[in-house]
Amino acid sequence: FRNWCIFCVKGKAKDDPHRRKVKQEEEQDIPIVSIDYMFMESREARLRRKEINKRRADNENEEDKGMPILVLKDSRTKVALSRVVPHKGRDQYAIERLQQDIANLGYKKLILKSDNEVAIVALKQAVKRERDQDIILEESPEYDSMGNGEVERQIQEVQGQIRTIKLNLEANYNNKLRDDHPAIPWLVAHSASTITRYKIGEDGKTAYQRWKGRKYARGISEFGECDIYCKLGSKGVDKCDERLDEGIWLGAKDESDEILFVTNEVFITARSV
């Protein structure tokens, strides 16, 4: 093979290795925040969906694969985030959630990258319009399945983490968790956060350290574990009342590290367990 030979190039050439693109993104002055959608569903949910579609006599619709999950990867810090959103495209919750996640990264200027799917381009455009920030929109080349390779690889890792935590939760409760269970959005968010907080990179640091300049030091429980938490605002007041209560642990906020609990179908934030 000779790269100067037009016949060699036409007959034998392969796409440029994407690892080179990843390296370029890492070294780029402007941070690249890549986003993409993914879907996850169990076998039971897939069969149930197919039966519903058959009765409706409609073609399979991608939106019927369950709740779409928006995955974000920051090329500079390697922060990974995943959020269940109600719908693909210009959904108000998705816009506000992505705006908040971008703000938390702390960049004054960034490239917001995705593939050229209509729904995700519309989401990016809406975020750019509503944020007072220098955001450059970028789409990967058409028909290049790995043009947004950094977030594609992150999706695979997040999916594995979701499966692992879900299987552990099901074993602890001896019960199968349905895809539409209220805990799923919290589980999805927690799965990416564990990668950000605890996965050590080649430089010996976690993404959380590169992002915030310190190690993640807050205590952690198993997702879905019943734990005791300290009520917010209880210190120094109502000294005859209990300061601790029980709840189900759902993770911690990325922006504030406050711990999330649910108790009696009410969501609670706490400062410690």
# chains A, B, ... in the order shown; residues from 1 in each chain; ligands from 1
$ residues_around --residues "A:Ala252" --least-positions-apart "4" --cutoff "10 Å" --atoms "only C-alpha atoms" --output "PyMOL selection string"
chain A and resi 186+189-190+193-194+218-220+256-261+269-271
$ residues_around --residues "A:Ile200" --least-positions-apart "5" --cutoff "12 Å" --atoms "only C-alpha atoms" --output "ChimeraX atom specification"
/A:77-79,194-195,205-210,215-216
$ residues_around --residues "A:Pro68" --least-positions-apart "4" --cutoff "9 Å" --atoms "only C-alpha atoms" --output "MDAnalysis selection string"
chainID A and resid 37:40 63 83:88
$ write_last_selection --atoms "N, CA, C and O atoms" --output "mmCIF file, in the first residue's frame"
data_model
loop_
_atom_site.group_PDB
_atom_site.id
_atom_site.type_symbol
_atom_site.label_atom_id
_atom_site.label_comp_id
_atom_site.auth_asym_id
_atom_site.auth_seq_id
_atom_site.Cartn_x
_atom_site.Cartn_y
_atom_site.Cartn_z
ATOM 1 N N TYR A 37 -27.794 10.540 22.347
ATOM 2 C CA TYR A 37 -28.874 9.789 22.988
ATOM 3 C C TYR A 37 -28.553 8.299 22.987
ATOM 4 O O TYR A 37 -27.849 7.798 22.102
ATOM 5 N N MET A 38 -29.084 7.600 23.972
ATOM 6 C CA MET A 38 -29.053 6.140 23.955
ATOM 7 C C MET A 38 -30.372 5.639 24.536
ATOM 8 O O MET A 38 -31.110 6.376 25.205
ATOM 9 N N PHE A 39 -30.680 4.380 24.241
ATOM 10 C CA PHE A 39 -31.853 3.715 24.799
ATOM 11 C C PHE A 39 -31.412 2.409 25.450
ATOM 12 O O PHE A 39 -30.477 1.759 24.979
ATOM 13 N N MET A 40 -32.069 2.040 26.534
ATOM 14 C CA MET A 40 -31.846 0.735 27.159
ATOM 15 C C MET A 40 -33.207 0.157 27.523
ATOM 16 O O MET A 40 -34.055 0.858 28.067
ATOM 17 N N GLU A 63 -38.997 6.155 19.385
ATOM 18 C CA GLU A 63 -39.395 6.748 20.649
ATOM 19 C C GLU A 63 -40.056 5.718 21.571
ATOM 20 O O GLU A 63 -40.158 5.947 22.758
ATOM 21 N N ARG A 83 -28.507 11.400 31.751
ATOM 22 C CA ARG A 83 -29.797 11.881 32.250
ATOM 23 C C ARG A 83 -30.936 11.255 31.454
ATOM 24 O O ARG A 83 -30.930 11.300 30.210
ATOM 25 N N VAL A 84 -31.901 10.713 32.129
ATOM 26 C CA VAL A 84 -33.138 10.298 31.472
ATOM 27 C C VAL A 84 -33.931 11.563 31.156
ATOM 28 O O VAL A 84 -34.113 12.431 32.016
ATOM 29 N N VAL A 85 -34.393 11.685 29.914
ATOM 30 C CA VAL A 85 -35.203 12.840 29.502
ATOM 31 C C VAL A 85 -36.535 12.336 28.951
ATOM 32 O O VAL A 85 -36.622 11.219 28.438
ATOM 33 N N PRO A 86 -37.596 13.148 29.058
ATOM 34 C CA PRO A 86 -38.915 12.680 28.613
ATOM 35 C C PRO A 86 -38.984 12.382 27.122
ATOM 36 O O PRO A 86 -39.629 11.417 26.704
ATOM 37 N N HIS A 87 -38.339 13.230 26.323
ATOM 38 C CA HIS A 87 -38.424 13.087 24.869
ATOM 39 C C HIS A 87 -37.112 13.530 24.243
ATOM 40 O O HIS A 87 -36.367 14.332 24.810
ATOM 41 N N LYS A 88 -36.847 13.017 23.047
ATOM 42 C CA LYS A 88 -35.735 13.531 22.262
ATOM 43 C C LYS A 88 -36.104 14.892 21.678
ATOM 44 O O LYS A 88 -37.276 15.223 21.539
#
$ closest_residue --among "A:Glu41, A:Asp132, A:Glu170, A:Asp227" --to "A:Ile248" --atoms "only C-alpha atoms"
A:Asp227
$ select_by_dssp --residues "stretch 48-232 of chain A" --states "strand (DSSP E or B)" --output "ChimeraX atom specification"
/A:69-74,80-84,109-114,134-139,200,206,226-231
$ select_by_dssp --residues "stretch 163-254 of chain A" --states "helix (DSSP H, G or I)" --output "ChimeraX atom specification"
/A:163-173,184-198,207-212
$ write_last_selection --atoms "C-alpha atoms" --output "PDB file, in the first residue's frame"
ATOM      1  CA  ARG A 163     -26.634  -2.899  34.117  1.00  0.00           C
ATOM      2  CA  THR A 164     -24.270  -3.633  37.022  1.00  0.00           C
ATOM      3  CA  ILE A 165     -25.986  -1.347  39.522  1.00  0.00           C
ATOM      4  CA  LYS A 166     -29.450  -2.496  38.399  1.00  0.00           C
ATOM      5  CA  LEU A 167     -28.516  -6.182  38.810  1.00  0.00           C
ATOM      6  CA  ASN A 168     -27.133  -5.491  42.290  1.00  0.00           C
ATOM      7  CA  LEU A 169     -30.298  -3.619  43.261  1.00  0.00           C
ATOM      8  CA  GLU A 170     -32.510  -6.447  41.986  1.00  0.00           C
ATOM      9  CA  ALA A 171     -30.470  -8.997  43.942  1.00  0.00           C
ATOM     10  CA  ASN A 172     -30.738  -6.941  47.140  1.00  0.00           C
ATOM     11  CA  TYR A 173     -34.527  -6.651  46.847  1.00  0.00           C
ATOM     12  CA  ILE A 184     -34.532   4.278  36.948  1.00  0.00           C
ATOM     13  CA  PRO A 185     -33.785   7.982  36.232  1.00  0.00           C
ATOM     14  CA  TRP A 186     -31.878   8.236  39.524  1.00  0.00           C
ATOM     15  CA  LEU A 187     -30.015   5.006  38.796  1.00  0.00           C
ATOM     16  CA  VAL A 188     -29.026   6.260  35.344  1.00  0.00           C
ATOM     17  CA  ALA A 189     -27.673   9.554  36.728  1.00  0.00           C
ATOM     18  CA  HIS A 190     -25.812   7.785  39.533  1.00  0.00           C
ATOM     19  CA  SER A 191     -24.193   5.321  37.113  1.00  0.00           C
ATOM     20  CA  ALA A 192     -22.346   7.999  35.135  1.00  0.00           C
ATOM     21  CA  SER A 193     -21.504   9.903  38.311  1.00  0.00           C
ATOM     22  CA  THR A 194     -19.674   6.886  39.745  1.00  0.00           C
ATOM     23  CA  ILE A 195     -17.483   6.807  36.618  1.00  0.00           C
ATOM     24  CA  THR A 196     -16.741  10.521  36.992  1.00  0.00           C
ATOM     25  CA  ARG A 197     -15.969  10.255  40.693  1.00  0.00           C
ATOM     26  CA  TYR A 198     -14.018   7.023  40.937  1.00  0.00           C
ATOM     27  CA  ALA A 207     -12.500  13.089  36.139  1.00  0.00           C
ATOM     28  CA  TYR A 208     -13.886  14.607  39.338  1.00  0.00           C
ATOM     29  CA  GLN A 209     -10.357  15.692  40.370  1.00  0.00           C
ATOM     30  CA  ARG A 210      -9.695  17.301  36.980  1.00  0.00           C
ATOM     31  CA  TRP A 211     -13.082  19.010  37.180  1.00  0.00           C
ATOM     32  CA  LYS A 212     -13.085  20.305  40.778  1.00  0.00           C
TER      33      LYS A 212
END
$ residues_around --residues "stretch 97-109 of chain A" --least-positions-apart "5" --cutoff "8 Å" --atoms "only C-alpha atoms" --output "list of chain:residue names"
A:Ile30, A:Pro31, A:Val127, A:Arg131, A:Gln133, A:Asp134, A:Ile135, A:Ile136, A:Trp211, A:Glu255
$ residues_around --residues "stretch 119-121 of chain A" --least-positions-apart "2" --cutoff "10 Å" --atoms "only C-alpha atoms" --output "VMD selection string"
chain A and resid 35 to 37 70 87 to 91 112 to 117 123 to 127 137 to 139
$ write_last_selection --atoms "C-alpha atoms" --output "PDB file, in the first residue's frame"
ATOM      1  CA  ILE A  35     -23.600  14.541  23.662  1.00  0.00           C
ATOM      2  CA  ASP A  36     -25.708  11.727  22.257  1.00  0.00           C
ATOM      3  CA  TYR A  37     -28.874   9.789  22.988  1.00  0.00           C
ATOM      4  CA  LEU A  70     -28.871  11.858  27.154  1.00  0.00           C
ATOM      5  CA  HIS A  87     -38.424  13.087  24.869  1.00  0.00           C
ATOM      6  CA  LYS A  88     -35.735  13.531  22.262  1.00  0.00           C
ATOM      7  CA  GLY A  89     -35.338  16.948  20.700  1.00  0.00           C
ATOM      8  CA  ARG A  90     -36.535  20.304  21.994  1.00  0.00           C
ATOM      9  CA  ASP A  91     -37.935  19.079  25.320  1.00  0.00           C
ATOM     10  CA  LEU A 112     -21.013  21.375  21.838  1.00  0.00           C
ATOM     11  CA  LYS A 113     -20.645  18.352  19.579  1.00  0.00           C
ATOM     12  CA  SER A 114     -23.064  15.645  18.430  1.00  0.00           C
ATOM     13  CA  ASP A 115     -23.993  13.627  15.376  1.00  0.00           C
ATOM     14  CA  ASN A 116     -26.293  15.260  12.829  1.00  0.00           C
ATOM     15  CA  GLU A 117     -29.553  13.663  14.008  1.00  0.00           C
ATOM     16  CA  LEU A 123     -31.675  20.374  21.420  1.00  0.00           C
ATOM     17  CA  LYS A 124     -28.233  21.951  20.977  1.00  0.00           C
ATOM     18  CA  GLN A 125     -29.669  24.938  19.134  1.00  0.00           C
ATOM     19  CA  ALA A 126     -32.207  25.526  21.911  1.00  0.00           C
ATOM     20  CA  VAL A 127     -29.493  25.379  24.587  1.00  0.00           C
ATOM     21  CA  LEU A 137     -22.144  23.974  17.644  1.00  0.00           C
ATOM     22  CA  GLU A 138     -20.462  21.126  15.809  1.00  0.00           C
ATOM     23  CA  GLU A 139     -21.818  17.986  14.113  1.00  0.00           C
TER      24      GLU A 139
END
